[in-house]
Amino acid sequence: MIQPLQNFQFPTRKNEDWHYTSLRDLSSQNFELATKSNLKSLVRAELVLMNSEFYNLVFIDGELNKELSDWSELSHMAKFVDAGSEASSSDLLPLETLNQSYLQQGLVLTVPKNQSLSKPVQILSVATQSKKMTQPKLAINLEEGSKLSLVESYSSLQGGSWQNSVTKIHVARSAKLEYLRLQEENKASFNTGLTRIALAEGAHLESLSFTVGAKLGRHDLLISLQGENAYARAQGLTLASAAQHLDHNTVIDHQVGHCTTSQLYKSVLNDQARSVFTGMVKIRQGAQKASSDQLNNNLLLSREAEADSRPQLEILADDVKATHGSTVGQLNPEELFYLLSRAIPREMALEMLSLGFVQDLVFQVSDQKVQSWLSQILLKNYRASNLVSSVNTSGEAQ
């Protein structure tokens, strides 16, 4: 029998990386590891994130459900990693250590050299048990010259669950990865996740973290550029309402020269919602000709919403190009007045402006199947959250 979570030292706000996010509510729950699910009546229609245009691998409470998954199409590229099969490491972050300690069934997916798949791959992790935790673990390997469109999704069917994921990705020489992490859990759940991505020479990464669910959500994205001429575009999109607290923390590490990175994270916040963005760009000594830009933009739709932004640079080379910045603001009343003067209904005008603020991130997703699917999810969640309820006709938050 697996024992309850005990004696684990959660990160506190004394830790600089967690300065704006408290885990006190999470740590007080004393979660137990989720047991094997017995959902014989569960069908694909109940899993709202399923998409017939993807290859879907569905994990229910930490274990792969082959009946709901397209396992036969991907089994030749995949293998499982069970608890106890990985060596411990002193370099792991606290929640990463927890994931390794309580690992149920991890998945390793490898795309062979110079190959690609005909459809995107979605790895969907579903929590069905309240007051239980799952520890999803993924390892993705793109061999030289390969290509993959990967969707990593999280949802929950019961309130009060906690998913704590770790994903490790290696993109080999001249390989290309399109990576979407979608967190759409219900607003009574917790979601924490860490993604480590290593890029070899000439590797290409396009990444988008779309966060809309959970009472408390945190995603750490660590990208290391290990070969020259590697490219990484990291973007984030947050929609939050009620009392949600959603946190993105990124570290972009230029270990060698002649690499290019860009970051653009945006959030739309209503009610008492709070977003946090902490972005660190490191350019190491000797990493000459590095180029990096970083921007965080936030749209507040109520007086009580809050956005904390900390873009940072650490530069140890002298021949580089690096910029960073952030903005926090409200809807432009002149733009709203213009739409209203053209007989566009108020709700529609507010929706056009608010969605227009973030839709460019979705439109930049290269895979058209993923882009179309994500556009529908964005609109559904925007309307479900009633994000414009606190905005008056002048465009000012009430």
# chains A, B, ... in the order shown; residues from 1 in each chain; ligands from 1
call {"tool": "select_by_dssp", "arguments": {"residues": "range 317-363 of chain A", "states": "alpha helix (DSSP H)", "output": "ChimeraX atom specification"}}
result
/A:333-341,346-363
call {"tool": "closest_atom_pairs", "arguments": {"of": "range 307-374 of chain A", "to": "range 217-241 of chain A", "cutoff": "9 Å", "atoms": "only C-alpha atoms", "output": "Markdown table"}}
result
| residue | atom | partner | partner_atom | distance |
| --- | --- | --- | --- | --- |
| A:Val358 | CA | A:Leu237 | CA | 6.9 |
| A:Leu361 | CA | A:Gln235 | CA | 7.2 |
| A:Val362 | CA | A:Leu237 | CA | 8.7 |
call {"tool": "write_last_selection", "arguments": {"atoms": "all heavy atoms", "output": "PDB file, in the first residue's frame"}}
result
ATOM      1  N   VAL A 358      -4.833  38.112 -27.458  1.00  0.00           N
ATOM      2  CA  VAL A 358      -4.081  36.856 -27.288  1.00  0.00           C
ATOM      3  C   VAL A 358      -4.132  35.937 -28.498  1.00  0.00           C
ATOM      4  O   VAL A 358      -3.342  35.003 -28.594  1.00  0.00           O
ATOM      5  CB  VAL A 358      -4.597  36.082 -26.054  1.00  0.00           C
ATOM      6  CG1 VAL A 358      -4.295  36.837 -24.784  1.00  0.00           C
ATOM      7  CG2 VAL A 358      -6.088  35.779 -26.168  1.00  0.00           C
ATOM      8  N   LEU A 361      -1.112  34.483 -30.604  1.00  0.00           N
ATOM      9  CA  LEU A 361      -0.303  33.358 -30.147  1.00  0.00           C
ATOM     10  C   LEU A 361      -0.818  32.041 -30.718  1.00  0.00           C
ATOM     11  O   LEU A 361      -0.032  31.159 -31.081  1.00  0.00           O
ATOM     12  CB  LEU A 361      -0.310  33.295 -28.614  1.00  0.00           C
ATOM     13  CG  LEU A 361       0.279  34.500 -27.890  1.00  0.00           C
ATOM     14  CD1 LEU A 361       0.173  34.312 -26.379  1.00  0.00           C
ATOM     15  CD2 LEU A 361       1.734  34.708 -28.284  1.00  0.00           C
ATOM     16  N   VAL A 362      -2.134  31.906 -30.793  1.00  0.00           N
ATOM     17  CA  VAL A 362      -2.720  30.695 -31.377  1.00  0.00           C
ATOM     18  C   VAL A 362      -2.455  30.647 -32.873  1.00  0.00           C
ATOM     19  O   VAL A 362      -2.122  29.587 -33.429  1.00  0.00           O
ATOM     20  CB  VAL A 362      -4.228  30.642 -31.088  1.00  0.00           C
ATOM     21  CG1 VAL A 362      -4.876  29.455 -31.778  1.00  0.00           C
ATOM     22  CG2 VAL A 362      -4.475  30.574 -29.592  1.00  0.00           C
TER      23      VAL A 362
END
call {"tool": "residues_around", "arguments": {"residues": "Phe10 in chain A", "least_positions_apart": "3", "cutoff": "9 Å", "atoms": "only C-alpha atoms", "output": "MDAnalysis selection string"}}
result
chainID A and resid 23:24 27 94:95
call {"tool": "closest_residue", "arguments": {"among": "A:Ala273, A:Ala203, A:Ser354, A:Ser165", "to": "Leu142 in chain A", "atoms": "only C-alpha atoms"}}
result
A:Ala203
call {"tool": "atom_distance", "arguments": {"atom1": "CA of Val58 in chain A", "atom2": "CA of Leu205 in chain A"}}
result
24.3 Å
call {"tool": "closest_residue", "arguments": {"among": "A:Gly279, A:Gly106, A:Gly202, A:Gly356", "to": "Tyr265 in chain A", "atoms": "only C-alpha atoms"}}
result
A:Gly279
call {"tool": "atom_distance", "arguments": {"atom1": "CA of Lys113 in chain A", "atom2": "CA of Gly257 in chain A"}}
result
25.2 Å
call {"tool": "residues_around", "arguments": {"residues": "range 115-130 of chain A", "least_positions_apart": "3", "cutoff": "9 Å", "atoms": "only C-alpha atoms", "output": "PDB file with N, CA and C atoms, in the first residue's frame"}}
result
ATOM      1  N   ALA A  34      -2.965   8.488  -6.418  1.00  0.00           N
ATOM      2  CA  ALA A  34      -4.177   7.934  -7.012  1.00  0.00           C
ATOM      3  C   ALA A  34      -4.026   6.439  -7.244  1.00  0.00           C
ATOM      4  N   THR A  35      -5.094   5.713  -6.991  1.00  0.00           N
ATOM      5  CA  THR A  35      -5.103   4.273  -7.235  1.00  0.00           C
ATOM      6  C   THR A  35      -5.553   3.997  -8.663  1.00  0.00           C
ATOM      7  N   SER A  37      -7.596   3.374 -11.728  1.00  0.00           N
ATOM      8  CA  SER A  37      -8.967   3.784 -11.982  1.00  0.00           C
ATOM      9  C   SER A  37      -9.815   2.604 -12.443  1.00  0.00           C
ATOM     10  N   LEU A  39     -12.873   2.906 -14.293  1.00  0.00           N
ATOM     11  CA  LEU A  39     -13.891   3.622 -15.047  1.00  0.00           C
ATOM     12  C   LEU A  39     -14.242   2.835 -16.309  1.00  0.00           C
ATOM     13  N   LEU A  47     -14.165  12.637 -22.727  1.00  0.00           N
ATOM     14  CA  LEU A  47     -12.855  13.281 -22.671  1.00  0.00           C
ATOM     15  C   LEU A  47     -12.857  14.405 -23.700  1.00  0.00           C
ATOM     16  N   LEU A  49     -11.103  16.817 -24.528  1.00  0.00           N
ATOM     17  CA  LEU A  49      -9.905  17.248 -25.248  1.00  0.00           C
ATOM     18  C   LEU A  49      -9.484  16.267 -26.338  1.00  0.00           C
ATOM     19  N   MET A  50     -10.162  15.139 -26.426  1.00  0.00           N
ATOM     20  CA  MET A  50      -9.830  14.166 -27.467  1.00  0.00           C
ATOM     21  C   MET A  50     -10.082  14.758 -28.851  1.00  0.00           C
ATOM     22  N   ASN A  51      -9.257  14.391 -29.807  1.00  0.00           N
ATOM     23  CA  ASN A  51      -9.386  14.916 -31.162  1.00  0.00           C
ATOM     24  C   ASN A  51      -9.064  13.786 -32.137  1.00  0.00           C
ATOM     25  N   GLU A  53      -8.318  13.945 -35.095  1.00  0.00           N
ATOM     26  CA  GLU A  53      -7.244  14.296 -36.030  1.00  0.00           C
ATOM     27  C   GLU A  53      -5.865  14.146 -35.402  1.00  0.00           C
ATOM     28  N   PHE A  54      -5.815  13.712 -34.128  1.00  0.00           N
ATOM     29  CA  PHE A  54      -4.556  13.454 -33.435  1.00  0.00           C
ATOM     30  C   PHE A  54      -4.404  11.947 -33.199  1.00  0.00           C
ATOM     31  N   TYR A  55      -3.160  11.529 -32.950  1.00  0.00           N
ATOM     32  CA  TYR A  55      -2.918  10.270 -32.272  1.00  0.00           C
ATOM     33  C   TYR A  55      -3.038  10.556 -30.776  1.00  0.00           C
ATOM     34  N   ASN A  56      -3.941   9.887 -30.089  1.00  0.00           N
ATOM     35  CA  ASN A  56      -4.196  10.164 -28.681  1.00  0.00           C
ATOM     36  C   ASN A  56      -3.682   9.038 -27.792  1.00  0.00           C
ATOM     37  N   LEU A  57      -2.887   9.395 -26.786  1.00  0.00           N
ATOM     38  CA  LEU A  57      -2.482   8.475 -25.732  1.00  0.00           C
ATOM     39  C   LEU A  57      -3.082   8.998 -24.435  1.00  0.00           C
ATOM     40  N   VAL A  58      -3.975   8.228 -23.832  1.00  0.00           N
ATOM     41  CA  VAL A  58      -4.751   8.697 -22.699  1.00  0.00           C
ATOM     42  C   VAL A  58      -4.307   8.002 -21.416  1.00  0.00           C
ATOM     43  N   PHE A  59      -3.864   8.801 -20.467  1.00  0.00           N
ATOM     44  CA  PHE A  59      -3.495   8.299 -19.146  1.00  0.00           C
ATOM     45  C   PHE A  59      -4.603   8.665 -18.166  1.00  0.00           C
ATOM     46  N   ILE A  60      -5.176   7.669 -17.514  1.00  0.00           N
ATOM     47  CA  ILE A  60      -6.211   7.884 -16.516  1.00  0.00           C
ATOM     48  C   ILE A  60      -5.610   7.643 -15.134  1.00  0.00           C
ATOM     49  N   ASP A  61      -5.554   8.681 -14.321  1.00  0.00           N
ATOM     50  CA  ASP A  61      -4.987   8.593 -12.970  1.00  0.00           C
ATOM     51  C   ASP A  61      -3.595   7.967 -12.981  1.00  0.00           C
ATOM     52  N   GLY A  62      -2.796   8.355 -13.971  1.00  0.00           N
ATOM     53  CA  GLY A  62      -1.388   7.959 -13.996  1.00  0.00           C
ATOM     54  C   GLY A  62      -1.050   6.712 -14.781  1.00  0.00           C
ATOM     55  N   GLU A  63      -2.046   6.013 -15.336  1.00  0.00           N
ATOM     56  CA  GLU A  63      -1.774   4.795 -16.092  1.00  0.00           C
ATOM     57  C   GLU A  63      -2.419   4.862 -17.466  1.00  0.00           C
ATOM     58  N   LEU A  64      -1.715   4.348 -18.477  1.00  0.00           N
ATOM     59  CA  LEU A  64      -2.215   4.382 -19.842  1.00  0.00           C
ATOM     60  C   LEU A  64      -3.451   3.500 -19.988  1.00  0.00           C
ATOM     61  N   VAL A 111      11.067   9.490 -31.839  1.00  0.00           N
ATOM     62  CA  VAL A 111      10.826   9.654 -33.269  1.00  0.00           C
ATOM     63  C   VAL A 111      12.135   9.354 -33.991  1.00  0.00           C
ATOM     64  N   PRO A 112      12.186   8.310 -34.823  1.00  0.00           N
ATOM     65  CA  PRO A 112      13.437   7.901 -35.468  1.00  0.00           C
ATOM     66  C   PRO A 112      14.010   8.959 -36.409  1.00  0.00           C
ATOM     67  N   MET A 133      -3.325  12.492  -5.863  1.00  0.00           N
ATOM     68  CA  MET A 133      -2.333  13.087  -6.757  1.00  0.00           C
ATOM     69  C   MET A 133      -1.881  12.057  -7.781  1.00  0.00           C
ATOM     70  N   THR A 134      -1.520  12.544  -8.961  1.00  0.00           N
ATOM     71  CA  THR A 134      -0.868  11.729  -9.977  1.00  0.00           C
ATOM     72  C   THR A 134       0.440  12.410 -10.357  1.00  0.00           C
ATOM     73  N   PRO A 136       2.544  12.377 -13.578  1.00  0.00           N
ATOM     74  CA  PRO A 136       2.838  12.040 -14.974  1.00  0.00           C
ATOM     75  C   PRO A 136       4.308  12.275 -15.313  1.00  0.00           C
ATOM     76  N   GLU A 143      15.129  12.171 -32.819  1.00  0.00           N
ATOM     77  CA  GLU A 143      16.443  11.879 -33.383  1.00  0.00           C
ATOM     78  C   GLU A 143      16.741  12.822 -34.547  1.00  0.00           C
ATOM     79  N   GLU A 144      17.952  12.782 -35.040  1.00  0.00           N
ATOM     80  CA  GLU A 144      18.443  13.740 -36.037  1.00  0.00           C
ATOM     81  C   GLU A 144      17.493  13.855 -37.236  1.00  0.00           C
ATOM     82  N   GLY A 145      17.135  15.097 -37.559  1.00  0.00           N
ATOM     83  CA  GLY A 145      16.324  15.367 -38.734  1.00  0.00           C
ATOM     84  C   GLY A 145      14.863  14.985 -38.625  1.00  0.00           C
ATOM     85  N   SER A 146      14.409  14.567 -37.467  1.00  0.00           N
ATOM     86  CA  SER A 146      13.010  14.156 -37.307  1.00  0.00           C
ATOM     87  C   SER A 146      12.127  15.359 -37.004  1.00  0.00           C
ATOM     88  N   LYS A 147      10.814  15.120 -37.010  1.00  0.00           N
ATOM     89  CA  LYS A 147       9.862  16.196 -36.765  1.00  0.00           C
ATOM     90  C   LYS A 147       8.678  15.647 -35.988  1.00  0.00           C
ATOM     91  N   LEU A 148       8.185  16.446 -35.019  1.00  0.00           N
ATOM     92  CA  LEU A 148       7.044  16.017 -34.209  1.00  0.00           C
ATOM     93  C   LEU A 148       6.209  17.220 -33.807  1.00  0.00           C
ATOM     94  N   SER A 149       4.883  17.062 -33.912  1.00  0.00           N
ATOM     95  CA  SER A 149       3.935  18.010 -33.336  1.00  0.00           C
ATOM     96  C   SER A 149       3.339  17.337 -32.108  1.00  0.00           C
ATOM     97  N   LEU A 150       3.649  17.855 -30.929  1.00  0.00           N
ATOM     98  CA  LEU A 150       3.295  17.225 -29.665  1.00  0.00           C
ATOM     99  C   LEU A 150       2.335  18.104 -28.871  1.00  0.00           C
ATOM    100  N   VAL A 151       1.242  17.498 -28.404  1.00  0.00           N
ATOM    101  CA  VAL A 151       0.283  18.170 -27.527  1.00  0.00           C
ATOM    102  C   VAL A 151       0.271  17.421 -26.205  1.00  0.00           C
ATOM    103  N   GLU A 152       0.566  18.127 -25.128  1.00  0.00           N
ATOM    104  CA  GLU A 152       0.565  17.549 -23.783  1.00  0.00           C
ATOM    105  C   GLU A 152      -0.560  18.220 -23.005  1.00  0.00           C
ATOM    106  N   SER A 153      -1.621  17.453 -22.686  1.00  0.00           N
ATOM    107  CA  SER A 153      -2.835  18.040 -22.136  1.00  0.00           C
ATOM    108  C   SER A 153      -3.155  17.476 -20.761  1.00  0.00           C
ATOM    109  N   TYR A 154      -3.778  18.331 -19.926  1.00  0.00           N
ATOM    110  CA  TYR A 154      -4.166  17.942 -18.573  1.00  0.00           C
ATOM    111  C   TYR A 154      -5.599  18.370 -18.310  1.00  0.00           C
ATOM    112  N   SER A 155      -6.416  17.428 -17.820  1.00  0.00           N
ATOM    113  CA  SER A 155      -7.787  17.739 -17.451  1.00  0.00           C
ATOM    114  C   SER A 155      -8.163  16.930 -16.211  1.00  0.00           C
ATOM    115  N   SER A 156      -9.271  17.295 -15.573  1.00  0.00           N
ATOM    116  CA  SER A 156      -9.707  16.601 -14.363  1.00  0.00           C
ATOM    117  C   SER A 156     -11.224  16.486 -14.364  1.00  0.00           C
ATOM    118  N   LEU A 157     -11.705  15.352 -13.892  1.00  0.00           N
ATOM    119  CA  LEU A 157     -13.142  15.091 -13.830  1.00  0.00           C
ATOM    120  C   LEU A 157     -13.711  15.308 -12.441  1.00  0.00           C
ATOM    121  N   GLN A 158     -12.840  15.428 -11.445  1.00  0.00           N
ATOM    122  CA  GLN A 158     -13.256  15.680 -10.066  1.00  0.00           C
ATOM    123  C   GLN A 158     -12.471  16.864  -9.515  1.00  0.00           C
ATOM    124  N   GLY A 159     -13.072  17.612  -8.609  1.00  0.00           N
ATOM    125  CA  GLY A 159     -12.376  18.725  -7.986  1.00  0.00           C
ATOM    126  C   GLY A 159     -11.413  18.249  -6.920  1.00  0.00           C
ATOM    127  N   GLY A 160     -10.389  19.040  -6.656  1.00  0.00           N
ATOM    128  CA  GLY A 160      -9.481  18.757  -5.557  1.00  0.00           C
ATOM    129  C   GLY A 160      -8.359  17.798  -5.869  1.00  0.00           C
ATOM    130  N   SER A 161      -8.177  17.431  -7.132  1.00  0.00           N
ATOM    131  CA  SER A 161      -7.064  16.551  -7.505  1.00  0.00           C
ATOM    132  C   SER A 161      -5.802  17.384  -7.738  1.00  0.00           C
ATOM    133  N   TRP A 162      -4.673  16.683  -7.839  1.00  0.00           N
ATOM    134  CA  TRP A 162      -3.388  17.346  -8.100  1.00  0.00           C
ATOM    135  C   TRP A 162      -2.588  16.518  -9.086  1.00  0.00           C
ATOM    136  N   GLN A 163      -2.222  17.140 -10.202  1.00  0.00           N
ATOM    137  CA  GLN A 163      -1.314  16.515 -11.161  1.00  0.00           C
ATOM    138  C   GLN A 163       0.011  17.274 -11.134  1.00  0.00           C
ATOM    139  N   GLU A 185      -7.625  21.980 -16.443  1.00  0.00           N
ATOM    140  CA  GLU A 185      -8.272  21.281 -15.336  1.00  0.00           C
ATOM    141  C   GLU A 185      -9.396  22.147 -14.752  1.00  0.00           C
ATOM    142  N   SER A 189      -8.963  22.230  -8.795  1.00  0.00           N
ATOM    143  CA  SER A 189      -7.827  21.321  -8.811  1.00  0.00           C
ATOM    144  C   SER A 189      -6.502  22.080  -8.763  1.00  0.00           C
ATOM    145  N   ASP A 367       1.263  23.906 -36.906  1.00  0.00           N
ATOM    146  CA  ASP A 367       0.431  22.776 -37.308  1.00  0.00           C
ATOM    147  C   ASP A 367      -1.030  23.222 -37.383  1.00  0.00           C
ATOM    148  N   LYS A 369      -3.816  21.590 -37.799  1.00  0.00           N
ATOM    149  CA  LYS A 369      -4.766  20.800 -37.027  1.00  0.00           C
ATOM    150  C   LYS A 369      -4.764  21.247 -35.562  1.00  0.00           C
ATOM    151  N   VAL A 370      -3.578  21.482 -35.031  1.00  0.00           N
ATOM    152  CA  VAL A 370      -3.469  21.941 -33.650  1.00  0.00           C
ATOM    153  C   VAL A 370      -4.015  23.351 -33.512  1.00  0.00           C
TER     154      VAL A 370
END
call {"tool": "residues_around", "arguments": {"residues": "range 214-216 of chain A", "least_positions_apart": "6", "cutoff": "7 Å", "atoms": "only C-alpha atoms", "output": "ChimeraX atom specification"}}
result
/A:185-191,244-246
call {"tool": "write_last_selection", "arguments": {"atoms": "C-alpha atoms", "output": "PDB file, in the first residue's frame"}}
result
ATOM      1  CA  GLU A 185      -8.272  21.281 -15.336  1.00  0.00           C
ATOM      2  CA  ASN A 186     -11.338  22.295 -13.350  1.00  0.00           C
ATOM      3  CA  LYS A 187     -10.975  25.300 -11.064  1.00  0.00           C
ATOM      4  CA  ALA A 188     -10.950  23.285  -7.854  1.00  0.00           C
ATOM      5  CA  SER A 189      -7.827  21.321  -8.811  1.00  0.00           C
ATOM      6  CA  PHE A 190      -4.064  21.850  -8.645  1.00  0.00           C
ATOM      7  CA  ASN A 191      -1.583  21.501 -11.491  1.00  0.00           C
ATOM      8  CA  GLN A 244      -7.261  31.496  -9.911  1.00  0.00           C
ATOM      9  CA  HIS A 245      -3.501  31.795  -9.419  1.00  0.00           C
ATOM     10  CA  LEU A 246      -1.530  30.819 -12.550  1.00  0.00           C
TER      11      LEU A 246
END
call {"tool": "closest_residue", "arguments": {"among": "A:Met77, A:Leu208, A:Leu336, A:Ile344", "to": "Leu374 in chain A", "atoms": "only C-alpha atoms"}}
result
A:Leu208
call {"tool": "residues_around", "arguments": {"residues": "Gln288 in chain A", "least_positions_apart": "2", "cutoff": "8 Å", "atoms": "only C-alpha atoms", "output": "PyMOL selection string"}}
result
chain A and resi 256-258+285-286+290+317-320
call {"tool": "atom_distance", "arguments": {"atom1": "CA of Val212 in chain A", "atom2": "CA of Gln105 in chain A"}}
result
26.0 Å
call {"tool": "closest_residue", "arguments": {"among": "A:Thr327, A:Ser366, A:Asn15, A:Ser52", "to": "Ser207 in chain A", "atoms": "only C-alpha atoms"}}
result
A:Ser366
call {"tool": "closest_residue", "arguments": {"among": "A:Glu178, A:Glu334, A:Glu201, A:Glu351", "to": "Leu301 in chain A", "atoms": "only C-alpha atoms"}}
result
A:Glu351
call {"tool": "select_by_dssp", "arguments": {"residues": "range 5-111 of chain A", "states": "strand (DSSP E or B)", "output": "list in words"}}
result
Glu32, Leu33, Tyr55, Asn56, Leu57, Val58, Phe59, Ile60, Glu63, Leu64, Ala78, Lys79, Phe80, Val81, Asp82, Gln105, Gly106, Leu107, Val108, Leu109, Thr110 and Val111 of chain A
call {"tool": "write_last_selection", "arguments": {"atoms": "N, CA, C and O atoms", "output": "compact mmCIF listing (two decimals), in the first residue's frame"}}
result
# COMPACT_ATOMS: atom_id res chain seq x y z
N GLU A 32 -2.81 11.57 -1.20
CA GLU A 32 -2.34 10.21 -1.43
C GLU A 32 -2.24 9.98 -2.93
O GLU A 32 -2.92 10.63 -3.72
N LEU A 33 -1.40 9.04 -3.31
CA LEU A 33 -1.25 8.72 -4.72
C LEU A 33 -2.52 8.07 -5.24
O LEU A 33 -3.12 7.22 -4.59
N TYR A 55 -3.16 11.53 -32.95
CA TYR A 55 -2.92 10.27 -32.27
C TYR A 55 -3.04 10.56 -30.78
O TYR A 55 -2.30 11.40 -30.25
N ASN A 56 -3.94 9.89 -30.09
CA ASN A 56 -4.20 10.16 -28.68
C ASN A 56 -3.68 9.04 -27.79
O ASN A 56 -3.99 7.87 -28.03
N LEU A 57 -2.89 9.40 -26.79
CA LEU A 57 -2.48 8.48 -25.73
C LEU A 57 -3.08 9.00 -24.43
O LEU A 57 -2.75 10.10 -23.99
N VAL A 58 -3.97 8.23 -23.83
CA VAL A 58 -4.75 8.70 -22.70
C VAL A 58 -4.31 8.00 -21.42
O VAL A 58 -4.37 6.76 -21.31
N PHE A 59 -3.86 8.80 -20.47
CA PHE A 59 -3.50 8.30 -19.15
C PHE A 59 -4.60 8.67 -18.17
O PHE A 59 -4.95 9.84 -18.01
N ILE A 60 -5.18 7.67 -17.51
CA ILE A 60 -6.21 7.88 -16.52
C ILE A 60 -5.61 7.64 -15.13
O ILE A 60 -5.15 6.54 -14.83
N GLU A 63 -2.05 6.01 -15.34
CA GLU A 63 -1.77 4.80 -16.09
C GLU A 63 -2.42 4.86 -17.47
O GLU A 63 -3.54 5.34 -17.62
N LEU A 64 -1.72 4.35 -18.48
CA LEU A 64 -2.21 4.38 -19.84
C LEU A 64 -3.45 3.50 -19.99
O LEU A 64 -3.46 2.34 -19.57
N ALA A 78 7.27 3.63 -28.66
CA ALA A 78 7.09 3.95 -27.24
C ALA A 78 7.49 2.79 -26.35
O ALA A 78 7.46 1.62 -26.73
N LYS A 79 7.85 3.16 -25.12
CA LYS A 79 8.08 2.18 -24.07
C LYS A 79 7.72 2.83 -22.74
O LYS A 79 7.65 4.05 -22.62
N PHE A 80 7.52 1.98 -21.72
CA PHE A 80 7.13 2.48 -20.41
C PHE A 80 8.33 2.55 -19.48
O PHE A 80 9.29 1.78 -19.60
N VAL A 81 8.25 3.49 -18.54
CA VAL A 81 9.23 3.61 -17.47
C VAL A 81 8.46 3.50 -16.16
O VAL A 81 7.59 4.33 -15.87
N ASP A 82 8.76 2.49 -15.38
CA ASP A 82 8.05 2.28 -14.12
C ASP A 82 8.83 2.84 -12.95
O ASP A 82 10.02 3.16 -13.05
N GLN A 105 3.66 5.30 -13.87
CA GLN A 105 3.97 4.72 -15.17
C GLN A 105 4.38 5.85 -16.12
O GLN A 105 3.54 6.63 -16.56
N GLY A 106 5.66 5.94 -16.41
CA GLY A 106 6.15 6.96 -17.31
C GLY A 106 6.19 6.44 -18.73
O GLY A 106 6.17 5.24 -18.98
N LEU A 107 6.26 7.36 -19.69
CA LEU A 107 6.27 7.00 -21.10
C LEU A 107 7.47 7.62 -21.79
O LEU A 107 7.75 8.81 -21.60
N VAL A 108 8.16 6.83 -22.61
CA VAL A 108 9.25 7.31 -23.45
C VAL A 108 8.80 7.16 -24.90
O VAL A 108 8.43 6.07 -25.34
N LEU A 109 8.85 8.26 -25.64
CA LEU A 109 8.44 8.26 -27.04
C LEU A 109 9.61 8.75 -27.89
O LEU A 109 10.13 9.83 -27.64
N THR A 110 10.00 7.96 -28.89
CA THR A 110 11.15 8.29 -29.73
C THR A 110 10.73 8.37 -31.19
O THR A 110 10.10 7.44 -31.72
N VAL A 111 11.07 9.49 -31.84
CA VAL A 111 10.83 9.65 -33.27
C VAL A 111 12.14 9.35 -33.99
O VAL A 111 13.13 10.07 -33.79
call {"tool": "residues_around", "arguments": {"residues": "Asp293 in chain A", "least_positions_apart": "2", "cutoff": "12 Å", "atoms": "only C-alpha atoms", "output": "number ranges by chain"}}
result
A: 232-235, 252, 259-265, 279-283, 290-291, 295-296, 311-313, 320-326
call {"tool": "closest_residue", "arguments": {"among": "A:Arg383, A:Glu73, A:Trp373, A:Asp91", "to": "Leu182 in chain A", "atoms": "only C-alpha atoms"}}
result
A:Trp373
